[in-house]
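Participant: Coordinates in model08.txt, compact mmCIF, C-alpha atoms and all ligand atoms, are listed below.
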# COMPACT_ATOMS: atom_id res chain seq x y z
CA MET A 24 18.72 -20.44 -102.59
CA HIS A 25 15.12 -19.30 -102.13
CA GLU A 26 15.81 -16.38 -99.82
CA MET A 27 12.67 -14.49 -100.87
CA ALA A 28 10.49 -17.46 -99.88
CA LEU A 29 12.33 -17.68 -96.57
CA ALA A 30 11.77 -13.99 -95.90
CA GLU A 31 8.06 -14.48 -96.63
CA GLY A 32 8.04 -17.35 -94.14
CA ILE A 33 9.56 -15.04 -91.53
CA ARG A 34 6.98 -12.37 -92.27
CA GLY A 35 4.16 -14.87 -91.81
CA ILE A 36 5.49 -15.89 -88.41
CA VAL A 37 6.03 -12.26 -87.36
CA GLU A 38 2.46 -11.36 -88.30
CA ASP A 39 1.02 -14.39 -86.46
CA GLN A 40 3.07 -13.53 -83.38
CA ALA A 41 2.09 -9.85 -83.52
CA ARG A 42 -1.55 -10.90 -83.28
CA ALA A 43 -1.05 -13.66 -80.71
CA GLN A 44 1.26 -11.67 -78.42
CA SER A 45 -0.11 -8.22 -79.26
CA PHE A 46 2.94 -6.17 -80.09
CA ASP A 47 3.36 -3.39 -82.65
CA ARG A 48 6.88 -3.60 -83.79
CA VAL A 49 9.85 -5.92 -83.90
CA THR A 50 13.11 -4.12 -83.17
CA ARG A 51 15.43 -7.09 -83.48
CA LEU A 52 14.95 -10.57 -84.88
CA ARG A 53 17.45 -13.40 -84.41
CA LEU A 54 17.71 -16.33 -86.78
CA GLU A 55 19.65 -19.54 -86.39
CA ILE A 56 20.92 -20.82 -89.72
CA GLY A 57 22.80 -24.08 -90.08
CA ALA A 58 25.95 -24.38 -92.16
CA PHE A 59 24.21 -26.81 -94.53
CA ALA A 60 20.94 -24.93 -94.87
CA GLY A 61 22.10 -23.53 -98.19
CA VAL A 62 21.18 -19.99 -97.19
CA GLU A 63 23.05 -17.06 -98.75
CA LYS A 64 23.23 -14.64 -95.85
CA PRO A 65 23.59 -11.41 -97.90
CA ALA A 66 20.67 -12.48 -100.09
CA LEU A 67 18.54 -13.25 -97.03
CA THR A 68 19.40 -9.90 -95.45
CA PHE A 69 18.42 -8.13 -98.64
CA ALA A 70 15.19 -10.13 -98.98
CA PHE A 71 14.37 -9.47 -95.32
CA ASP A 72 14.58 -5.69 -95.79
CA VAL A 73 12.35 -5.81 -98.85
CA VAL A 74 9.78 -8.34 -97.65
CA MET A 75 9.29 -6.84 -94.15
CA ARG A 76 8.11 -3.49 -95.54
CA GLY A 77 4.66 -2.79 -94.22
CA SER A 78 4.96 -5.50 -91.57
CA PRO A 79 5.68 -5.14 -87.82
CA ALA A 80 9.29 -6.09 -88.59
CA GLU A 81 9.92 -3.27 -91.05
CA GLY A 82 13.32 -1.80 -90.27
CA ALA A 83 14.10 -4.46 -87.62
CA ASP A 84 17.70 -5.48 -87.00
CA LEU A 85 18.33 -8.91 -88.47
CA VAL A 86 20.87 -11.01 -86.57
CA ILE A 87 21.96 -14.30 -88.08
CA ILE A 88 23.51 -16.85 -85.73
CA ASP A 89 25.52 -19.56 -87.53
CA LEU A 90 25.04 -23.13 -86.38
CA PRO A 91 27.72 -25.70 -87.21
CA GLY A 92 27.23 -28.60 -89.57
CA ARG A 93 26.93 -31.99 -87.89
CA ALA A 94 27.33 -35.53 -89.12
CA PHE A 95 27.29 -38.97 -87.58
CA CYS A 96 30.54 -40.89 -88.02
CA ALA A 97 29.83 -44.56 -88.69
CA ASP A 98 33.29 -45.53 -87.40
CA CYS A 99 33.41 -43.49 -84.18
CA ILE A 100 29.66 -44.13 -83.73
CA GLU A 101 29.34 -40.55 -82.59
CA GLU A 102 28.04 -37.23 -83.84
CA LYS A 103 30.73 -34.72 -84.92
CA GLU A 104 30.86 -31.12 -86.01
CA ILE A 105 32.04 -30.68 -89.57
CA ALA A 106 32.50 -27.58 -91.71
CA GLY A 107 31.65 -29.03 -95.12
CA ARG A 108 29.07 -31.61 -96.06
CA LEU A 109 31.66 -33.93 -97.57
CA ASP A 110 34.36 -33.47 -94.93
CA PRO A 111 35.84 -36.61 -93.36
CA CYS A 112 35.53 -37.26 -89.63
CA PRO A 113 37.72 -34.72 -87.78
CA ASP A 114 38.80 -37.41 -85.29
CA CYS A 115 39.28 -40.65 -87.23
CA GLY A 116 39.39 -39.43 -90.83
CA SER A 117 36.54 -41.73 -91.85
CA GLY A 118 34.58 -40.80 -94.93
CA ARG A 119 31.52 -42.68 -93.71
CA MET A 120 29.68 -39.64 -92.41
CA MET A 121 25.91 -39.30 -92.39
CA PRO A 122 24.73 -35.67 -92.16
CA SER A 123 22.70 -35.32 -88.98
CA GLY A 124 22.25 -31.60 -88.45
CA GLY A 125 23.11 -28.16 -89.66
CA ASP A 126 20.21 -27.64 -92.03
CA ASP A 127 18.35 -25.60 -89.41
CA MET A 128 16.51 -22.44 -90.43
CA ARG A 129 14.86 -21.13 -87.30
CA ILE A 130 13.63 -17.89 -85.83
CA LYS A 131 15.18 -17.93 -82.38
CA ASP A 132 13.61 -14.90 -80.79
CA MET A 133 12.36 -11.36 -81.34
CA GLU A 134 12.69 -8.16 -79.39
CA VAL A 135 9.38 -6.36 -79.62
CA VAL A 136 7.64 -3.23 -78.43
CA MET B 4 -11.40 -19.44 -103.34
CA CYS B 5 -9.45 -22.29 -101.82
CA THR B 6 -11.06 -24.87 -99.61
CA VAL B 7 -8.01 -25.47 -97.46
CA CYS B 8 -7.08 -21.95 -96.52
CA GLY B 9 -9.73 -19.67 -97.98
CA CYS B 10 -7.11 -17.70 -99.91
CA ASP B 11 -7.94 -15.98 -103.18
CA GLY B 12 -6.33 -13.63 -105.63
CA ASP B 13 -3.40 -14.24 -107.92
CA GLY B 14 0.00 -15.81 -107.53
CA ALA B 15 0.80 -19.37 -108.45
CA THR B 16 -1.84 -20.92 -110.66
CA VAL B 17 -3.25 -24.39 -110.55
CA GLU B 18 -4.49 -25.57 -113.91
CA ALA B 19 -6.66 -28.62 -114.36
CA HIS B 20 -8.17 -29.65 -117.66
CA GLY B 21 -8.32 -26.21 -119.19
CA HIS B 22 -9.89 -24.16 -116.43
CA HIS B 23 -7.73 -21.96 -114.29
CA HIS B 24 -7.87 -21.34 -110.58
CA HIS B 25 -5.91 -18.51 -109.15
CA HIS B 26 -4.69 -18.85 -105.66
CA GLN B 27 -2.74 -16.27 -103.81
CA HIS B 28 0.26 -17.53 -101.93
CA HIS B 29 0.70 -14.82 -99.40
CA GLY B 30 2.29 -15.22 -96.00
CA ASP B 31 -0.82 -14.94 -93.81
CA ILE B 32 -3.26 -17.48 -95.09
CA HIS B 33 -4.80 -18.62 -91.84
CA PHE B 34 -5.33 -15.35 -90.16
CA GLY B 35 -6.86 -12.90 -92.62
CA HIS B 36 -5.53 -9.54 -93.67
CA GLY B 37 -5.73 -7.23 -90.66
CA PRO B 38 -3.57 -4.14 -90.59
CA ALA B 39 -0.03 -4.93 -89.52
CA GLY B 40 0.29 -3.93 -85.90
CA THR B 41 -2.46 -2.20 -83.98
CA GLU B 42 -1.73 0.82 -81.88
CA VAL B 43 -1.90 0.12 -78.16
CA PRO B 44 -1.28 3.44 -76.39
CA GLY B 45 0.92 3.30 -73.34
CA MET B 46 2.48 -0.07 -74.23
CA SER B 47 5.98 0.56 -75.41
CA GLN B 48 8.04 -1.67 -73.18
CA GLU B 49 10.61 -3.76 -75.01
CA ARG B 50 10.38 -7.46 -74.42
CA LEU B 51 11.97 -10.59 -75.80
CA ILE B 52 9.78 -13.30 -77.27
CA GLU B 53 11.20 -16.79 -77.67
CA ILE B 54 10.10 -18.21 -81.00
CA GLU B 55 12.21 -21.28 -81.76
CA THR B 56 10.17 -21.99 -84.86
CA SER B 57 11.37 -23.16 -88.24
CA ILE B 58 11.13 -20.46 -90.89
CA LEU B 59 9.39 -23.02 -93.06
CA SER B 60 6.91 -24.03 -90.35
CA LYS B 61 3.97 -22.86 -92.43
CA ASN B 62 5.06 -24.97 -95.36
CA ASP B 63 5.61 -27.86 -93.00
CA ARG B 64 2.04 -27.57 -91.75
CA TYR B 65 0.65 -27.75 -95.28
CA ALA B 66 2.94 -30.68 -96.00
CA ALA B 67 1.73 -32.47 -92.87
CA ALA B 68 -1.89 -31.97 -93.95
CA ASN B 69 -1.09 -33.40 -97.39
CA ARG B 70 0.68 -36.34 -95.79
CA GLU B 71 -2.35 -37.05 -93.61
CA ARG B 72 -4.66 -37.07 -96.64
CA LEU B 73 -2.30 -39.40 -98.49
CA ASN B 74 -1.91 -41.72 -95.52
CA ALA B 75 -5.66 -41.99 -95.09
CA LEU B 76 -5.83 -43.25 -98.68
CA GLY B 77 -2.77 -45.45 -98.39
CA ALA B 78 -1.51 -43.52 -101.43
CA LEU B 79 2.22 -43.27 -102.09
CA ALA B 80 3.51 -39.84 -103.12
CA LEU B 81 6.88 -39.37 -104.78
CA ASN B 82 8.52 -36.00 -105.27
CA LEU B 83 10.63 -36.10 -108.45
CA VAL B 84 13.50 -33.68 -108.25
CA SER B 85 16.23 -32.94 -110.79
CA SER B 86 17.88 -30.28 -112.86
CA PRO B 87 15.89 -29.12 -115.92
CA GLY B 88 15.76 -31.61 -118.76
CA SER B 89 17.02 -34.71 -116.95
CA GLY B 90 14.07 -36.59 -118.41
CA LYS B 91 11.46 -36.51 -115.63
CA THR B 92 8.43 -36.18 -117.89
CA THR B 93 9.71 -38.70 -120.44
CA LEU B 94 10.43 -41.12 -117.62
CA LEU B 95 6.97 -40.56 -116.12
CA CYS B 96 5.20 -41.15 -119.43
CA ARG B 97 7.02 -44.43 -119.92
CA THR B 98 6.50 -45.43 -116.27
CA ILE B 99 2.75 -44.78 -116.56
CA GLU B 100 2.53 -47.00 -119.64
CA MET B 101 4.37 -49.77 -117.82
CA LEU B 102 2.20 -49.45 -114.68
CA GLU B 103 -1.00 -50.43 -116.49
CA GLY B 104 -3.76 -51.15 -114.03
CA GLN B 105 -2.17 -49.22 -111.15
CA PRO B 106 -4.27 -46.21 -110.11
CA LEU B 107 -2.09 -43.09 -110.33
CA ALA B 108 -2.07 -39.35 -110.87
CA VAL B 109 0.50 -36.69 -111.62
CA ILE B 110 1.12 -33.16 -110.39
CA GLU B 111 3.38 -31.22 -112.76
CA GLY B 112 5.31 -28.23 -111.48
CA ASP B 113 6.88 -25.75 -113.88
CA GLN B 114 7.37 -22.00 -113.85
CA GLN B 115 5.41 -21.65 -117.10
CA THR B 116 3.33 -23.67 -119.61
CA SER B 117 1.11 -26.70 -119.24
CA ALA B 118 3.20 -28.67 -121.73
CA ASP B 119 4.27 -31.35 -119.28
CA ALA B 120 0.75 -31.97 -117.93
CA ASP B 121 -0.45 -32.23 -121.54
CA ARG B 122 2.21 -34.87 -122.21
CA ILE B 123 1.06 -36.84 -119.16
CA ARG B 124 -2.63 -36.59 -120.10
CA ALA B 125 -1.77 -37.96 -123.55
CA THR B 126 -0.99 -41.25 -121.78
CA GLY B 127 -4.51 -41.27 -120.33
CA ALA B 128 -3.40 -40.50 -116.76
CA PRO B 129 -4.96 -37.61 -114.80
CA ALA B 130 -2.59 -34.67 -114.39
CA VAL B 131 -2.70 -31.20 -112.87
CA GLN B 132 -0.27 -28.49 -113.88
CA VAL B 133 0.93 -26.05 -111.24
CA ASN B 134 2.69 -22.97 -112.58
CA THR B 135 4.87 -21.42 -109.95
CA GLY B 136 5.49 -18.17 -111.87
CA LYS B 137 8.75 -16.84 -110.51
CA GLY B 138 8.88 -19.56 -107.84
CA CYS B 139 11.72 -22.00 -108.17
CA HIS B 140 10.07 -24.89 -106.31
CA LEU B 141 6.70 -26.39 -105.46
CA ASP B 142 5.54 -25.94 -101.87
CA GLY B 143 3.12 -27.77 -99.62
CA HIS B 144 0.33 -25.25 -100.18
CA MET B 145 0.41 -25.57 -103.97
CA VAL B 146 0.45 -29.35 -103.80
CA GLY B 147 -2.52 -29.40 -101.42
CA HIS B 148 -4.57 -27.39 -103.92
CA ALA B 149 -3.41 -29.52 -106.80
CA MET B 150 -4.57 -32.59 -104.86
CA ASP B 151 -8.05 -31.03 -104.64
CA HIS B 152 -8.27 -31.37 -108.41
CA LEU B 153 -7.36 -35.04 -108.45
CA SER B 154 -9.60 -37.75 -107.09
CA LEU B 155 -6.94 -40.08 -105.80
CA ALA B 156 -8.03 -43.67 -105.45
CA PRO B 157 -7.07 -45.66 -102.35
CA GLY B 158 -3.65 -47.19 -102.89
CA ALA B 159 -2.90 -44.80 -105.74
CA LEU B 160 0.53 -43.57 -106.74
CA LEU B 161 0.94 -39.80 -106.83
CA PHE B 162 3.90 -38.53 -108.84
CA ILE B 163 4.86 -34.92 -108.20
CA GLU B 164 7.26 -33.57 -110.83
CA ASN B 165 8.97 -30.65 -109.14
CA VAL B 166 10.36 -27.59 -110.90
CA GLY B 167 13.69 -28.45 -112.54
CA ASN B 168 16.14 -27.13 -109.96
CA LEU B 169 18.74 -28.99 -107.92
CA VAL B 170 18.76 -26.53 -105.03
CA CYS B 171 15.52 -25.10 -103.66
CA PRO B 172 13.09 -28.03 -103.81
CA ALA B 173 15.28 -29.85 -101.26
CA ALA B 174 14.05 -27.59 -98.46
CA PHE B 175 10.31 -27.67 -99.17
CA ASP B 176 8.45 -30.69 -97.88
CA LEU B 177 5.37 -31.44 -99.97
CA GLY B 178 4.05 -34.29 -97.84
CA GLU B 179 5.65 -36.91 -100.06
CA ASP B 180 6.78 -40.35 -98.91
CA ALA B 181 10.11 -40.02 -100.67
CA LYS B 182 12.10 -37.82 -102.98
CA VAL B 183 13.33 -39.41 -106.17
CA ALA B 184 16.35 -37.69 -107.69
CA ILE B 185 16.73 -38.03 -111.44
CA LEU B 186 20.14 -37.43 -112.95
CA SER B 187 20.96 -37.79 -116.58
CA VAL B 188 24.34 -39.22 -117.43
CA THR B 189 25.05 -36.16 -119.63
CA GLU B 190 25.10 -33.90 -116.56
CA GLY B 191 28.45 -35.25 -115.41
CA GLU B 192 29.38 -37.44 -112.48
CA ASP B 193 30.34 -34.50 -110.23
CA LYS B 194 26.75 -33.23 -109.77
CA PRO B 195 26.09 -35.09 -106.50
CA LEU B 196 29.17 -33.43 -105.01
CA LYS B 197 28.23 -29.97 -106.26
CA TYR B 198 24.58 -30.13 -105.15
CA PRO B 199 24.70 -32.46 -102.15
CA ASP B 200 21.53 -31.25 -100.39
CA MET B 201 19.20 -32.72 -102.96
CA PHE B 202 20.89 -36.11 -102.92
CA THR B 203 21.10 -36.26 -99.14
CA ALA B 204 17.34 -35.71 -99.06
CA SER B 205 16.48 -38.34 -101.68
CA ARG B 206 15.73 -41.98 -100.97
CA ILE B 207 16.50 -43.18 -104.47
CA ALA B 208 18.38 -41.81 -107.47
CA LEU B 209 17.67 -42.74 -111.06
CA LEU B 210 20.60 -42.41 -113.44
CA ASN B 211 18.70 -41.69 -116.64
CA LYS B 212 19.76 -41.60 -120.30
CA THR B 213 22.15 -44.52 -119.91
CA ASP B 214 21.73 -45.01 -123.68
CA LEU B 215 23.88 -41.87 -124.07
CA ALA B 216 26.67 -43.00 -121.74
CA PRO B 217 28.88 -44.37 -124.57
CA TYR B 218 28.85 -40.94 -126.23
CA CYS B 219 29.71 -38.76 -123.30
CA ASP B 220 32.84 -40.09 -121.74
CA ILE B 221 31.26 -40.83 -118.42
CA ASP B 222 31.96 -43.47 -115.80
CA LEU B 223 28.68 -44.58 -114.25
CA ASP B 224 30.49 -46.26 -111.34
CA THR B 225 32.08 -42.92 -110.40
CA PHE B 226 28.61 -41.39 -110.61
CA GLU B 227 27.36 -43.96 -108.08
CA THR B 228 30.39 -43.55 -105.82
CA ASN B 229 29.78 -39.81 -105.68
CA LEU B 230 26.12 -40.31 -104.90
CA ARG B 231 26.98 -42.66 -102.03
CA ARG B 232 29.54 -40.18 -100.71
CA VAL B 233 26.81 -37.63 -100.09
CA ASN B 234 24.20 -40.21 -99.07
CA PRO B 235 25.50 -43.65 -98.04
CA GLU B 236 21.96 -45.01 -97.88
CA ILE B 237 20.67 -43.92 -101.26
CA GLU B 238 19.34 -46.56 -103.64
CA ILE B 239 20.48 -46.20 -107.23
CA LEU B 240 18.96 -47.52 -110.45
CA ARG B 241 20.34 -47.05 -113.96
CA VAL B 242 17.62 -46.45 -116.53
CA SER B 243 16.96 -45.17 -120.00
CA ALA B 244 13.51 -43.68 -120.38
CA LYS B 245 14.13 -43.74 -124.11
CA THR B 246 15.10 -47.38 -124.72
CA GLY B 247 13.39 -48.78 -121.63
CA GLU B 248 16.61 -50.29 -120.31
CA GLY B 249 16.46 -50.73 -116.52
CA MET B 250 12.85 -49.58 -116.38
CA ASP B 251 11.61 -52.97 -115.16
CA ASP B 252 13.61 -52.56 -111.94
CA TRP B 253 12.19 -49.07 -111.41
CA VAL B 254 8.63 -50.26 -111.96
CA ALA B 255 9.23 -53.17 -109.55
CA TRP B 256 10.55 -50.67 -106.98
CA LEU B 257 7.41 -48.56 -107.42
CA ARG B 258 5.03 -51.49 -107.13
CA ALA B 259 6.78 -52.69 -103.95
CA ALA B 260 6.75 -49.21 -102.40
CA ALA B 261 3.09 -48.65 -103.29
CA ALA B 262 2.13 -52.06 -101.88
CA ALA B 263 4.05 -51.38 -98.66
CA LYS B 264 2.26 -48.06 -98.24
CA SER B 265 -1.24 -49.42 -98.70
CA ALA B 266 -0.43 -52.38 -96.44
CA ARG B 267 0.67 -49.94 -93.73
CA GLN B 268 -2.59 -48.02 -94.09
CA ALA B 269 -4.64 -51.24 -93.98
CA ALA B 270 -2.85 -52.30 -90.77
CA GLU B 271 -3.90 -49.10 -89.01
N1 LIG C 1 18.66 -40.21 -125.15
C1 LIG C 1 17.77 -40.04 -124.18
N2 LIG C 1 17.05 -38.92 -124.12
C2 LIG C 1 16.15 -38.77 -123.12
C3 LIG C 1 15.95 -39.76 -122.14
N3 LIG C 1 15.01 -39.33 -121.28
C4 LIG C 1 14.63 -38.10 -121.70
N4 LIG C 1 15.32 -37.76 -122.83
C5 LIG C 1 15.21 -36.51 -123.59
O1 LIG C 1 15.64 -35.44 -122.75
C6 LIG C 1 14.91 -34.24 -123.07
C7 LIG C 1 14.26 -33.66 -121.83
O2 LIG C 1 13.29 -34.59 -121.35
P1 LIG C 1 12.08 -34.19 -120.43
O3 LIG C 1 11.36 -35.44 -120.13
O4 LIG C 1 11.31 -33.06 -121.00
O5 LIG C 1 12.87 -33.68 -119.16
P2 LIG C 1 12.30 -33.00 -117.82
O6 LIG C 1 13.21 -33.37 -116.71
O7 LIG C 1 10.86 -33.34 -117.66
O8 LIG C 1 12.44 -31.47 -118.18
P3 LIG C 1 11.83 -30.19 -117.36
O9 LIG C 1 10.47 -30.57 -116.88
O10 LIG C 1 11.79 -29.11 -118.37
O11 LIG C 1 12.79 -29.95 -116.25
C8 LIG C 1 13.90 -34.65 -124.14
O12 LIG C 1 14.41 -34.29 -125.41
C9 LIG C 1 13.80 -36.16 -123.98
O13 LIG C 1 13.44 -36.79 -125.18
C10 LIG C 1 16.74 -40.96 -122.23
O14 LIG C 1 16.65 -41.89 -121.42
N5 LIG C 1 17.64 -41.03 -123.26
MG MG C 2 9.22 -32.10 -117.29
ZN ZN C 3 35.07 -40.87 -86.85
Would you mind writing the file's structure down as structure tokens?

Facilitator:
Amino acid sequence: MHEMALAEGIRGIVEDQARAQSFDRVTRLRLEIGAFAGVEKPALTFAFDVVMRGSPAEGADLVIIDLPGRAFCADCIEEKEIAGRLDPCPDCGSGRMMPSGGDDMRIKDMEVV
Amino acid sequence: MCTVCGCDGDGATVEAHGHHHHHQHHGDIHFGHGPAGTEVPGMSQERLIEIETSILSKNDRYAAANRERLNALGALALNLVSSPGSGKTTLLCRTIEMLEGQPLAVIEGDQQTSADADRIRATGAPAVQVNTGKGCHLDGHMVGHAMDHLSLAPGALLFIENVGNLVCPAAFDLGEDAKVAILSVTEGEDKPLKYPDMFTASRIALLNKTDLAPYCDIDLDTFETNLRRVNPEIEILRVSAKTGEGMDDWVAWLRAAAAAKSARQAAE
């Protein structure tokens, strides 16, 4: 969706961290992106390369870890993993599913020098 | 120069009553513009830093600051989201006329032009236009600055008309109390299924342009079923901003929500 804005968010965090933790360069940065976050991974990778120029994360390896979608089944009264937002409950087939996770967009960690 | 973050320069523009303020929306607002990375000789050891921070944490901080300001006033903020042309501005103009006596203000988000803010001001209500340029959504920072140009009264209603886009605005918290999704019946009843994020994030959906339903082969019940599939808890109202049909229910919803918000503030 708004991969450029996301990349700018990452750059902001990298620059804050570089000051707070005094490092020069990020060699690898790991993101956790939920299945329902609406993030186009190729677009984010492209935006990352462009937006990080001139920042401590210029040229860093970008690793994207996929997190599953999750929804609460109103019939099982339990949280389940689902692949698509509108999928029925994998256990009971119920359609009464309330999305409860999988829209994460997080920086997990960074390898720095 | 902004009062919240001290940023300056160009980028998104906030326009209020003819004079323009340019604010730069760069990624390092709080911490100045030092050179990226300072050389520290002899320190080249690789280490791993746990971050565990949302990519949108900066936006979320601005949104939280907006929310605090709104809460202190007991003001109710609604983020109006929809695809382009669903009738947000028309609906707002009519809503404002019907809400006579209720203090309110409007923030209008569009990529270009101040046309929508001009339409709002024609009703007599205060409005600020935010032009996002290439940006496809409003963010918490822009809304905070726009709020600086409005003197919100205690218990006021703040309507924020987001950029017409069913995708990106879902992810950017503005500090609002609720998102209001506006769908026009001409868009087709499959839209909630195709763009679920926006409807999952919304508390209420307005099905607008019901006056056109007879001409466009649409089943409004299917529309509602699809909305409830993606969000079982969503409230739905059918309205026509043109004929006024259903608008009484919407205005009653607004008055109740605004009263609840100021009561909550008064209790604190
Ligand atoms: N028939 C009919 N037309 C409507 C209704 N509401 C809005 N319109 C028309 O729909 C068109 C778009 O309305 P706007 O109010 O500009 O829509 P918008 O969502 O603010 O558009 P953007 O801000 O550009 O995304 C205009 O021609 C309106 O007159 C309605 O209830 N019925
Ligand atoms: Mg409009
Ligand atoms: Zn189940």

Participant: Report as an MDAnalysis selection string which protein, DNA and RNA residues come within 9 Å of ligand LIG 1 (chain C), using all atoms listed in the file.

Facilitator: chainID B and resid 84:96 111:113 118:119 164:168 185:187 210:215 242:248

Participant: Between CA of Cys112 (chain A) and CA of Arg129 (chain A), what is the distance, to one decimal in Å?

Facilitator: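 Distance reported for this atom pair: 26.3 Å.
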
Participant: Identify, counting all atoms listed in the file, the protein, DNA and RNA residues located within 6 Å of ligand ZN 3 (chain C), and give them as number ranges by chain.

Facilitator: A: 96, 98-99, 112, 114-115, 117

Participant: Excluding Arg48 (chain A) and any residue of its chain fewer than 4 positions from it, enumerate the residues within 6 Å of it, using all atoms listed in the file, and give them as an MDAnalysis selection string.

Facilitator: chainID A and resid 79:80 135:136

Participant: So what do you get for CA of Gly127 (chain B) versus CA of Pro157 (chain B), distance-wise?

Facilitator: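 It comes out at 18.7 Å.
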
Participant: Between CA of Ala270 (chain B) and CA of Asn74 (chain B), what is the spacing in Å?

Facilitator: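 Between CA of Asn74 (chain B) and CA of Ala270 (chain B) the gap works out to 11.6 Å.
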
Participant: Can you pull out the residues contacting region 218-231 of chain B? Cut-off 9 Å, using only C-alpha atoms, and skip same-chain residues under 2 positions away; I want them as a CSV table (one decimal) with C-alpha atoms, keeping the file's coordinate frame.

Facilitator:
chain,number,residue,atom,x,y,z
B,188,VAL,CA,24.3,-39.2,-117.4
B,189,THR,CA,25.0,-36.2,-119.6
B,191,GLY,CA,28.4,-35.2,-115.4
B,192,GLU,CA,29.4,-37.4,-112.5
B,193,ASP,CA,30.3,-34.5,-110.2
B,194,LYS,CA,26.8,-33.2,-109.8
B,195,PRO,CA,26.1,-35.1,-106.5
B,196,LEU,CA,29.2,-33.4,-105.0
B,199,PRO,CA,24.7,-32.5,-102.2
B,202,PHE,CA,20.9,-36.1,-102.9
B,203,THR,CA,21.1,-36.3,-99.1
B,208,ALA,CA,18.4,-41.8,-107.5
B,210,LEU,CA,20.6,-42.4,-113.4
B,213,THR,CA,22.2,-44.5,-119.9
B,214,ASP,CA,21.7,-45.0,-123.7
B,215,LEU,CA,23.9,-41.9,-124.1
B,216,ALA,CA,26.7,-43.0,-121.7
B,233,VAL,CA,26.8,-37.6,-100.1
B,234,ASN,CA,24.2,-40.2,-99.1
B,235,PRO,CA,25.5,-43.6,-98.0
B,236,GLU,CA,22.0,-45.0,-97.9
B,237,ILE,CA,20.7,-43.9,-101.3
B,238,GLU,CA,19.3,-46.6,-103.6
B,239,ILE,CA,20.5,-46.2,-107.2
B,241,ARG,CA,20.3,-47.0,-114.0

Participant: With a distance threshold of 9 Å and counting only C-alpha atoms, extract the residues of chain A near chain B and express them as an MDAnalysis selection string.

Facilitator: chainID A and resid 24:25 28:36 38:42 44:48 50 54:55 59:61 77:79 108:109 118:122 126:136

Participant: Just the residues within 8 Å of Gly125 (chain A), please, counting all atoms listed in the file, with nothing from its chain fewer than 5 positions along; format it as a list in words.

Facilitator: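 Close residues of Gly125 (chain A): Ile56, Gly57, Ala58, Phe59, Ala60, Leu90, Pro91, Gly92 and Arg93 of chain A.
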
Participant: Would you kindly return, as a list in words, each protein, DNA or RNA residue with an atom no farther than 10 Å from any atom of Leu257 (chain B), considering only C-alpha atoms and excluding same-chain residues fewer than 3 positions away?

Facilitator: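 After dropping sequence-adjacent residues, the list is Leu79, Leu81, Thr98, Leu102, Leu160, Asp251, Asp252, Trp253, Val254, Ala260, Ala261, Ala262 and Ala263 of chain B.
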
Participant: With only C-alpha atoms as the atoms that count, which of A:Met27, A:Ala43, A:Leu67, A:Val49 lies nearest to Ile87 (chain A)?

Facilitator: A:Leu67
